Structures are given as structure tokens and as C-alpha cells.
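As stored in query10.tsv (TSV, N, CA and C atoms and all ligand atoms):
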chain	number	residue	atom	x	y	z
A	1	MET	N	74.89	65.49	81.87
A	1	MET	CA	75.43	64.90	80.63
A	1	MET	C	74.44	63.88	80.09
A	2	ARG	N	73.25	64.26	79.81
A	2	ARG	CA	72.25	63.32	79.32
A	2	ARG	C	72.39	63.19	77.80
A	3	GLN	N	72.32	61.97	77.33
A	3	GLN	CA	72.42	61.77	75.89
A	3	GLN	C	71.09	61.24	75.37
A	4	ALA	N	70.80	61.60	74.17
A	4	ALA	CA	69.54	61.13	73.58
A	4	ALA	C	69.57	59.62	73.45
A	5	PRO	N	68.51	58.95	73.86
A	5	PRO	CA	68.48	57.48	73.77
A	5	PRO	C	68.77	56.98	72.36
A	6	GLN	N	68.27	57.68	71.37
A	6	GLN	CA	68.47	57.23	69.99
A	6	GLN	C	69.97	57.13	69.67
A	7	ARG	N	70.72	58.11	70.14
A	7	ARG	CA	72.16	58.08	69.86
A	7	ARG	C	72.82	56.90	70.56
A	8	ILE	N	72.37	56.61	71.76
A	8	ILE	CA	72.96	55.50	72.50
A	8	ILE	C	72.64	54.18	71.79
A	9	LEU	N	71.43	54.06	71.30
A	9	LEU	CA	71.06	52.83	70.59
A	9	LEU	C	71.87	52.70	69.31
A	10	GLU	N	72.10	53.81	68.64
A	10	GLU	CA	72.90	53.75	67.41
A	10	GLU	C	74.33	53.36	67.72
A	11	ARG	N	74.84	53.91	68.80
A	11	ARG	CA	76.20	53.55	69.21
A	11	ARG	C	76.28	52.09	69.59
A	12	ALA	N	75.29	51.63	70.32
A	12	ALA	CA	75.28	50.23	70.77
A	12	ALA	C	75.25	49.28	69.59
A	13	ALA	N	74.59	49.70	68.52
A	13	ALA	CA	74.48	48.84	67.35
A	13	ALA	C	75.83	48.62	66.70
A	14	LYS	N	76.77	49.50	66.99
A	14	LYS	CA	78.10	49.37	66.38
A	14	LYS	C	79.04	48.55	67.26
A	15	TRP	N	78.62	48.26	68.48
A	15	TRP	CA	79.47	47.46	69.34
A	15	TRP	C	79.61	46.06	68.75
A	16	PRO	N	80.69	45.38	69.08
A	16	PRO	CA	80.84	44.01	68.58
A	16	PRO	C	79.61	43.19	68.95
A	17	ALA	N	79.07	42.52	67.96
A	17	ALA	CA	77.81	41.80	68.18
A	17	ALA	C	78.05	40.51	68.94
A	18	LYS	N	78.64	40.60	70.07
A	18	LYS	CA	78.90	39.41	70.88
A	18	LYS	C	78.10	39.52	72.18
A	19	ARG	N	77.21	38.60	72.35
A	19	ARG	CA	76.50	38.56	73.62
A	19	ARG	C	77.23	37.57	74.51
A	20	ARG	N	77.71	38.05	75.61
A	20	ARG	CA	78.46	37.19	76.52
A	20	ARG	C	77.67	36.99	77.79
A	21	HIS	N	77.85	35.83	78.35
A	21	HIS	CA	77.12	35.48	79.56
A	21	HIS	C	78.08	34.84	80.54
A	22	TRP	N	77.78	35.00	81.79
A	22	TRP	CA	78.61	34.36	82.81
A	22	TRP	C	78.02	33.03	83.25
A	23	TYR	N	76.71	32.97	83.32
A	23	TYR	CA	76.06	31.75	83.77
A	23	TYR	C	74.85	31.45	82.91
A	24	VAL	N	74.49	30.20	82.86
A	24	VAL	CA	73.28	29.80	82.17
A	24	VAL	C	72.07	30.42	82.85
A	25	ASP	N	71.15	30.91	82.05
A	25	ASP	CA	69.89	31.41	82.59
A	25	ASP	C	68.97	30.22	82.79
A	26	ARG	N	68.71	29.89	84.06
A	26	ARG	CA	67.93	28.68	84.38
A	26	ARG	C	66.48	28.78	83.92
A	27	GLY	N	66.04	29.97	83.61
A	27	GLY	CA	64.66	30.12	83.17
A	27	GLY	C	64.47	29.80	81.70
A	28	LEU	N	65.56	29.47	81.01
A	28	LEU	CA	65.48	29.19	79.59
A	28	LEU	C	65.78	27.73	79.32
A	29	ALA	N	65.26	27.24	78.20
A	29	ALA	CA	65.53	25.85	77.81
A	29	ALA	C	66.65	25.83	76.78
A	30	PHE	N	67.67	25.06	77.08
A	30	PHE	CA	68.76	24.86	76.13
A	30	PHE	C	68.71	23.39	75.72
A	31	ASP	N	68.19	23.12	74.54
A	31	ASP	CA	68.08	21.73	74.13
A	31	ASP	C	68.16	21.60	72.61
A	32	GLU	N	67.97	20.37	72.16
A	32	GLU	CA	68.08	20.06	70.73
A	32	GLU	C	67.16	20.93	69.88
A	33	SER	N	65.97	21.21	70.40
A	33	SER	CA	64.96	21.90	69.59
A	33	SER	C	65.41	23.31	69.21
A	34	ASN	N	66.24	23.93	70.02
A	34	ASN	CA	66.67	25.29	69.70
A	34	ASN	C	68.19	25.38	69.51
A	35	ASP	N	68.82	24.25	69.29
A	35	ASP	CA	70.27	24.23	69.09
A	35	ASP	C	70.98	24.86	70.29
A	36	HIS	N	70.41	24.64	71.46
A	36	HIS	CA	70.95	25.22	72.71
A	36	HIS	C	71.10	26.73	72.60
A	37	ASN	N	70.19	27.34	71.87
A	37	ASN	CA	70.27	28.78	71.65
A	37	ASN	C	68.87	29.38	71.59
A	38	PRO	N	68.21	29.50	72.72
A	38	PRO	CA	66.81	29.97	72.73
A	38	PRO	C	66.67	31.44	72.33
A	39	LEU	N	65.49	31.78	71.86
A	39	LEU	CA	65.18	33.17	71.56
A	39	LEU	C	64.86	33.90	72.86
A	40	VAL	N	65.41	35.05	73.00
A	40	VAL	CA	65.17	35.85	74.20
A	40	VAL	C	64.88	37.29	73.78
A	41	SER	N	64.36	38.06	74.71
A	41	SER	CA	64.17	39.48	74.45
A	41	SER	C	65.53	40.17	74.55
A	42	GLU	N	65.82	40.97	73.56
A	42	GLU	CA	67.13	41.63	73.55
A	42	GLU	C	67.25	42.62	74.69
A	43	GLU	N	68.37	42.55	75.34
A	43	GLU	CA	68.63	43.42	76.47
A	43	GLU	C	68.78	44.87	75.99
A	44	CYS	N	68.21	45.77	76.74
A	44	CYS	CA	68.38	47.19	76.42
A	44	CYS	C	69.85	47.56	76.59
A	45	PRO	N	70.47	48.11	75.55
A	45	PRO	CA	71.91	48.41	75.63
A	45	PRO	C	72.22	49.55	76.58
A	46	ARG	N	71.20	50.34	76.91
A	46	ARG	CA	71.48	51.48	77.77
A	46	ARG	C	71.52	51.07	79.25
A	47	CYS	N	70.53	50.26	79.65
A	47	CYS	CA	70.44	49.92	81.08
A	47	CYS	C	70.83	48.47	81.33
A	48	HIS	N	71.21	47.75	80.28
A	48	HIS	CA	71.61	46.34	80.39
A	48	HIS	C	70.53	45.49	81.06
A	49	GLY	N	69.28	45.80	80.72
A	49	GLY	CA	68.18	44.96	81.18
A	49	GLY	C	67.62	45.34	82.54
A	50	ARG	N	68.21	46.30	83.19
A	50	ARG	CA	67.73	46.65	84.53
A	50	ARG	C	66.46	47.48	84.46
A	51	GLY	N	66.25	48.18	83.37
A	51	GLY	CA	65.07	49.04	83.28
A	51	GLY	C	65.29	50.39	83.93
A	52	ALA	N	66.46	50.56	84.49
A	52	ALA	CA	66.78	51.82	85.15
A	52	ALA	C	68.28	51.99	85.14
A	53	HIS	N	68.73	53.16	85.38
A	53	HIS	CA	70.17	53.36	85.46
A	53	HIS	C	70.49	54.48	86.43
A	54	ASP	N	71.71	54.51	86.86
A	54	ASP	CA	72.13	55.55	87.79
A	54	ASP	C	72.42	56.83	87.02
A	55	GLU	N	72.03	57.92	87.61
A	55	GLU	CA	72.35	59.18	86.99
A	55	GLU	C	73.06	60.05	88.02
A	56	TRP	N	74.13	60.64	87.58
A	56	TRP	CA	74.88	61.51	88.48
A	56	TRP	C	74.68	62.94	88.03
A	57	GLY	N	74.65	63.81	88.98
A	57	GLY	CA	74.48	65.20	88.62
A	57	GLY	C	74.91	66.10	89.77
A	58	GLU	N	74.63	67.34	89.59
A	58	GLU	CA	75.00	68.32	90.60
A	58	GLU	C	73.93	69.37	90.63
A	59	ASP	N	73.48	69.70	91.83
A	59	ASP	CA	72.53	70.80	91.95
A	59	ASP	C	72.99	71.71	93.08
A	60	GLU	N	72.12	72.57	93.54
A	60	GLU	CA	72.56	73.54	94.54
A	60	GLU	C	72.97	72.89	95.86
A	61	HIS	N	72.57	71.61	96.07
A	61	HIS	CA	72.95	70.91	97.30
A	61	HIS	C	74.24	70.10	97.13
A	62	GLY	N	74.77	70.08	95.95
A	62	GLY	CA	76.00	69.32	95.71
A	62	GLY	C	75.75	68.19	94.72
A	63	HIS	N	76.65	67.22	94.76
A	63	HIS	CA	76.54	66.09	93.83
A	63	HIS	C	75.44	65.14	94.28
A	64	PHE	N	74.81	64.52	93.34
A	64	PHE	CA	73.81	63.51	93.71
A	64	PHE	C	73.87	62.34	92.75
A	65	GLN	N	73.36	61.22	93.20
A	65	GLN	CA	73.25	60.03	92.38
A	65	GLN	C	71.83	59.53	92.54
A	66	ALA	N	71.18	59.25	91.46
A	66	ALA	CA	69.80	58.80	91.55
A	66	ALA	C	69.54	57.67	90.56
A	67	LEU	N	68.67	56.77	90.96
A	67	LEU	CA	68.27	55.70	90.06
A	67	LEU	C	67.04	56.18	89.29
A	68	VAL	N	67.18	56.29	87.99
A	68	VAL	CA	66.08	56.80	87.19
A	68	VAL	C	65.64	55.74	86.19
A	69	GLY	N	64.37	55.78	85.85
A	69	GLY	CA	63.86	54.83	84.87
A	69	GLY	C	64.56	55.05	83.54
A	70	CYS	N	64.82	53.94	82.84
A	70	CYS	CA	65.53	54.03	81.57
A	70	CYS	C	64.58	54.58	80.50
A	71	SER	N	65.01	55.66	79.86
A	71	SER	CA	64.14	56.25	78.84
A	71	SER	C	64.30	55.55	77.49
A	72	ALA	N	65.40	54.82	77.31
A	72	ALA	CA	65.60	54.12	76.03
A	72	ALA	C	64.59	52.98	75.88
A	73	CYS	N	64.31	52.28	76.99
A	73	CYS	CA	63.41	51.13	76.91
A	73	CYS	C	62.14	51.37	77.73
A	74	LYS	N	61.99	52.56	78.25
A	74	LYS	CA	60.84	52.92	79.08
A	74	LYS	C	60.68	51.98	80.27
A	75	GLY	N	61.79	51.55	80.80
A	75	GLY	CA	61.76	50.74	82.01
A	75	GLY	C	61.53	49.25	81.80
A	76	THR	N	61.39	48.84	80.54
A	76	THR	CA	61.12	47.42	80.30
A	76	THR	C	62.39	46.58	80.32
A	77	GLY	N	63.55	47.20	80.12
A	77	GLY	CA	64.80	46.46	80.12
A	77	GLY	C	65.10	45.76	78.81
A	78	THR	N	64.22	45.88	77.84
A	78	THR	CA	64.46	45.22	76.56
A	78	THR	C	64.17	46.16	75.40
A	79	THR	N	64.81	45.89	74.27
A	79	THR	CA	64.57	46.70	73.08
A	79	THR	C	63.29	46.29	72.37
A	80	GLY	N	62.72	45.15	72.80
A	80	GLY	CA	61.53	44.63	72.15
A	80	GLY	C	61.85	43.67	71.02
A	81	GLU	N	63.13	43.56	70.68
A	81	GLU	CA	63.55	42.62	69.64
A	81	GLU	C	63.71	41.22	70.23
A	82	ARG	N	63.43	40.21	69.40
A	82	ARG	CA	63.68	38.83	69.81
A	82	ARG	C	64.99	38.40	69.17
A	83	VAL	N	65.91	38.00	69.99
A	83	VAL	CA	67.23	37.63	69.48
A	83	VAL	C	67.64	36.29	70.07
A	84	ARG	N	68.65	35.69	69.45
A	84	ARG	CA	69.21	34.45	69.98
A	84	ARG	C	70.03	34.75	71.22
A	85	TYR	N	69.98	33.84	72.17
A	85	TYR	CA	70.72	34.02	73.41
A	85	TYR	C	72.22	34.16	73.12
A	86	PHE	N	72.71	33.31	72.23
A	86	PHE	CA	74.11	33.41	71.80
A	86	PHE	C	74.14	33.85	70.36
A	87	ASP	N	75.15	34.62	69.97
A	87	ASP	CA	75.26	34.96	68.55
A	87	ASP	C	76.49	34.29	67.95
A	88	ASN	N	76.80	33.12	68.47
A	88	ASN	CA	77.95	32.38	67.98
A	88	ASN	C	77.48	31.22	67.11
A	89	ASP	N	77.70	31.32	65.81
A	89	ASP	CA	77.30	30.28	64.87
A	89	ASP	C	78.48	29.47	64.37
A	90	SER	N	79.61	29.58	65.06
A	90	SER	CA	80.79	28.82	64.65
A	90	SER	C	80.47	27.33	64.64
A	91	PRO	N	81.11	26.60	63.73
A	91	PRO	CA	80.86	25.16	63.69
A	91	PRO	C	81.25	24.49	65.00
A	92	VAL	N	80.66	23.32	65.24
A	92	VAL	CA	80.97	22.57	66.45
A	92	VAL	C	82.46	22.23	66.46
A	93	ALA	N	83.11	22.50	67.58
A	93	ALA	CA	84.53	22.18	67.72
A	93	ALA	C	84.67	20.93	68.57
A	94	GLU	N	85.53	20.02	68.12
A	94	GLU	CA	85.78	18.82	68.91
A	94	GLU	C	86.98	19.08	69.80
A	95	VAL	N	86.77	18.90	71.10
A	95	VAL	CA	87.82	19.22	72.06
A	95	VAL	C	87.98	18.05	73.03
A	96	ALA	N	89.23	17.66	73.24
A	96	ALA	CA	89.52	16.55	74.16
A	96	ALA	C	89.30	17.01	75.60
A	97	VAL	N	88.65	16.13	76.35
A	97	VAL	CA	88.44	16.42	77.77
A	97	VAL	C	89.69	15.99	78.53
A	98	ARG	N	90.19	16.87	79.38
A	98	ARG	CA	91.38	16.55	80.15
A	98	ARG	C	90.99	15.87	81.47
A	99	ALA	N	92.01	15.45	82.20
A	99	ALA	CA	91.78	14.80	83.49
A	99	ALA	C	90.92	15.70	84.37
A	100	GLY	N	89.98	15.09	85.05
A	100	GLY	CA	89.12	15.85	85.94
A	100	GLY	C	87.94	16.48	85.24
A	101	GLY	N	87.80	16.21	83.92
A	101	GLY	CA	86.65	16.74	83.19
A	101	GLY	C	86.84	18.15	82.67
A	102	TRP	N	88.07	18.62	82.66
A	102	TRP	CA	88.32	19.98	82.18
A	102	TRP	C	88.40	20.05	80.67
A	103	ILE	N	87.94	21.17	80.17
A	103	ILE	CA	87.97	21.39	78.74
A	103	ILE	C	88.35	22.86	78.52
A	104	THR	N	89.10	23.12	77.48
A	104	THR	CA	89.44	24.51	77.18
A	104	THR	C	88.70	24.93	75.93
A	105	CYS	N	87.94	25.98	76.05
A	105	CYS	CA	87.14	26.45	74.93
A	105	CYS	C	88.04	27.00	73.83
A	106	PRO	N	87.91	26.48	72.60
A	106	PRO	CA	88.76	26.95	71.50
A	106	PRO	C	88.40	28.37	71.05
A	107	CYS	N	87.24	28.83	71.45
A	107	CYS	CA	86.80	30.17	71.03
A	107	CYS	C	87.34	31.25	71.96
A	108	CYS	N	87.09	31.11	73.25
A	108	CYS	CA	87.49	32.17	74.18
A	108	CYS	C	88.65	31.78	75.07
A	109	LYS	N	89.12	30.52	74.91
A	109	LYS	CA	90.31	30.03	75.62
A	109	LYS	C	90.12	29.87	77.13
A	110	TRP	N	88.89	29.96	77.58
A	110	TRP	CA	88.65	29.73	79.00
A	110	TRP	C	88.47	28.24	79.24
A	111	SER	N	88.92	27.80	80.40
A	111	SER	CA	88.74	26.40	80.78
A	111	SER	C	87.56	26.28	81.73
A	112	PHE	N	86.87	25.16	81.58
A	112	PHE	CA	85.74	24.91	82.48
A	112	PHE	C	85.56	23.41	82.60
A	113	MET	N	84.74	23.00	83.56
A	113	MET	CA	84.47	21.57	83.73
A	113	MET	C	83.17	21.22	83.02
A	114	VAL	N	83.19	20.13	82.28
A	114	VAL	CA	82.00	19.75	81.52
A	114	VAL	C	80.86	19.31	82.44
A	115	THR	N	81.15	19.15	83.71
A	115	THR	CA	80.08	18.81	84.65
A	115	THR	C	79.43	20.07	85.23
A	116	ASP	N	80.01	21.22	84.93
A	116	ASP	CA	79.50	22.47	85.50
A	116	ASP	C	78.40	23.05	84.61
A	117	ARG	N	77.17	22.74	84.94
A	117	ARG	CA	76.08	23.15	84.07
A	117	ARG	C	75.73	24.63	84.21
A	118	ASP	N	76.45	25.35	85.03
A	118	ASP	CA	76.27	26.80	85.08
A	118	ASP	C	76.97	27.48	83.91
A	119	VAL	N	78.00	26.82	83.39
A	119	VAL	CA	78.80	27.46	82.33
A	119	VAL	C	78.80	26.64	81.04
A	120	TRP	N	78.08	25.53	81.06
A	120	TRP	CA	78.09	24.61	79.93
A	120	TRP	C	76.68	24.11	79.73
A	121	THR	N	76.10	24.32	78.56
A	121	THR	CA	74.71	23.91	78.35
A	121	THR	C	74.59	22.44	77.97
A	122	GLY	N	75.74	21.80	77.71
A	122	GLY	CA	75.73	20.45	77.19
A	122	GLY	C	76.11	20.48	75.72
A	123	LEU	N	76.09	21.65	75.13
A	123	LEU	CA	76.54	21.84	73.75
A	123	LEU	C	77.37	23.11	73.63
A	124	ARG	N	76.92	24.15	74.32
A	124	ARG	CA	77.56	25.45	74.15
A	124	ARG	C	78.26	25.92	75.43
A	125	HIS	N	79.40	26.57	75.21
A	125	HIS	CA	80.09	27.23	76.31
A	125	HIS	C	79.34	28.53	76.56
A	126	VAL	N	78.87	28.70	77.78
A	126	VAL	CA	78.00	29.83	78.07
A	126	VAL	C	78.70	31.18	77.89
A	127	ARG	N	79.98	31.22	78.16
A	127	ARG	CA	80.69	32.50	78.09
A	127	ARG	C	80.68	33.09	76.68
A	128	CYS	N	80.85	32.24	75.67
A	128	CYS	CA	80.99	32.76	74.31
A	128	CYS	C	80.01	32.13	73.34
A	129	GLY	N	79.30	31.08	73.78
A	129	GLY	CA	78.31	30.45	72.91
A	129	GLY	C	78.88	29.42	71.95
A	130	GLN	N	80.18	29.17	72.04
A	130	GLN	CA	80.81	28.19	71.14
A	130	GLN	C	80.22	26.80	71.34
A	131	ARG	N	79.89	26.14	70.22
A	131	ARG	CA	79.45	24.74	70.29
A	131	ARG	C	80.66	23.83	70.37
A	132	ILE	N	80.62	22.92	71.31
A	132	ILE	CA	81.76	22.04	71.53
A	132	ILE	C	81.27	20.60	71.68
A	133	ARG	N	81.99	19.69	71.02
A	133	ARG	CA	81.73	18.26	71.25
A	133	ARG	C	82.91	17.71	72.04
A	134	PRO	N	82.68	17.41	73.33
A	134	PRO	CA	83.79	16.90	74.14
A	134	PRO	C	84.16	15.50	73.69
A	135	LEU	N	85.45	15.26	73.57
A	135	LEU	CA	85.94	13.93	73.19
A	135	LEU	C	86.59	13.27	74.38
A	136	GLY	N	86.26	12.00	74.59
A	136	GLY	CA	86.85	11.28	75.72
A	136	GLY	C	86.23	11.75	77.03
A	137	GLY	N	86.87	11.37	78.13
A	137	GLY	CA	86.30	11.71	79.43
A	137	GLY	C	84.99	10.99	79.62
A	138	ASP	N	84.25	11.34	80.64
A	138	ASP	CA	82.98	10.70	80.86
A	138	ASP	C	81.86	11.72	80.87
A	139	ALA	N	82.00	12.76	80.05
A	139	ALA	CA	81.00	13.83	80.01
A	139	ALA	C	79.75	13.37	79.26
B	201	ZN	ZN	66.82	50.41	79.18
B	202	ZN	ZN	84.14	29.89	75.22
Mind converting the file's structure to C-alpha cells?
Ligand SMILES: [Zn+2]
Ligand SMILES: [Zn+2]
Amino acid sequence: MRQAPQRILERAAKWPAKRRHWYVDRGLAFDESNDHNPLVSEECPRCHGRGAHDEWGEDEHGHFQALVGCSACKGTGTTGERVRYFDNDSPVAEVAVRAGGWITCPCCKWSFMVTDRDVWTGLRHVRCGQRIRPLGGDA
């Protein structure tokens, strides 16, 4: 069931343009100069940046699974485009910090601690990229 890379890229372009992240990429700088939104190489939508993907098939020996180089990005893991790490340009939201430093993101409704720099850049919620100005607390 192999699909032409071009079709996959066209399909991917129609997906909701939301880049979501679970953790801050420590190799990138999130600061005032880039509005906590650095330029990065766009992830290949076919292999999700791995440069390879699993392929399942069947031959005379039975079913097989193999890791094959991604033909959409030729193994580079990127489309070659430079894009913003987050695609969330919503205005800064002011959110009260609760006891213990907890804050609930008004964009994705997830709660996190403002001291947790794995999920909070100091301006943006890493999960959705929402800019937040914490009010109160000692953040
Ligand atoms: Zn790829
Ligand atoms: Zn969020």
C-alpha cells in the first residue's frame, strides 16, 4: 500500500496547521529576540522527522515489517522549509497563577506549573504555543 509522497504532502498540507509539542526543545533558544518562537526546519509530515518509517508488507515468507528511508524527505526528516516552532499567534493571555504555581492554559485548557521549564518557555505554553502572562504567584 505505498502512496506517492506528493499525495501525502498534499494531504498533510490540509491538516490543521497546529504544531504541537510535548516538551521544550533544549537545543533551541526561546527568548525576547524571537518572541519565544524560533525558526526551525519543518518536520517531514510523512516520517515526522525520523527520516525513515516502518513499512509493512507481505511476501512469500509471510508478513514483514521493515524500516525504510523516507522517500518524501529523502531521509532528511525535514521538508526543507523554515517555519516557526509554534504557529500560535493569539494575543498574550493574562492568567492568574493558582496556589503551588499552577496555571491553566486558556488555549488548550491544560494545567501546568510555571516553574516547569519543560512545558513553559517563560512566555509560551509548549503544548499549544499560547502566550501567557502569569498574574500573581512568584513566577
Ligand atoms: Zn520524511
Ligand atoms: Zn496550552
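Residues in contact with ligand ZN 202 (chain B) comprise A:Cys105, A:Cys107, A:Cys108, A:His125, A:Arg127, A:Cys128, where contact means an atom-to-atom distance of at most 5 Å counting all atoms listed in the file.
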When DSSP works through the backbone of this structure, what residues of chain A end up as alpha helix (DSSP H), shown as a PyMOL selection string? chain A and resi 5-14
Could you tell me how far CA of Asp118 (chain A) sits from CA of Arg50 (chain A), in Å to one decimal place? 21.6 Å
Let me have all residues with an atom within 10 Å of ligand ZN 201 (chain B), counting only C-alpha atoms and all ligand atoms, laid out as JSON, numbers by chain. {"A": [5, 9, 43, 44, 45, 46, 47, 48, 49, 50, 51, 52, 53, 69, 70, 71, 72, 73, 74, 75, 76, 77, 78, 79]}
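Residue nearest Phe112 (chain A) within the list A:Gly80, A:Gly100, A:Ala93, A:Ser41: A:Gly100 [criterion: smallest interatomic distance, all atoms listed in the file].
Between CA of Arg117 (chain A) and atom C of Val95 (chain A) lies a distance of 17.0 Å.
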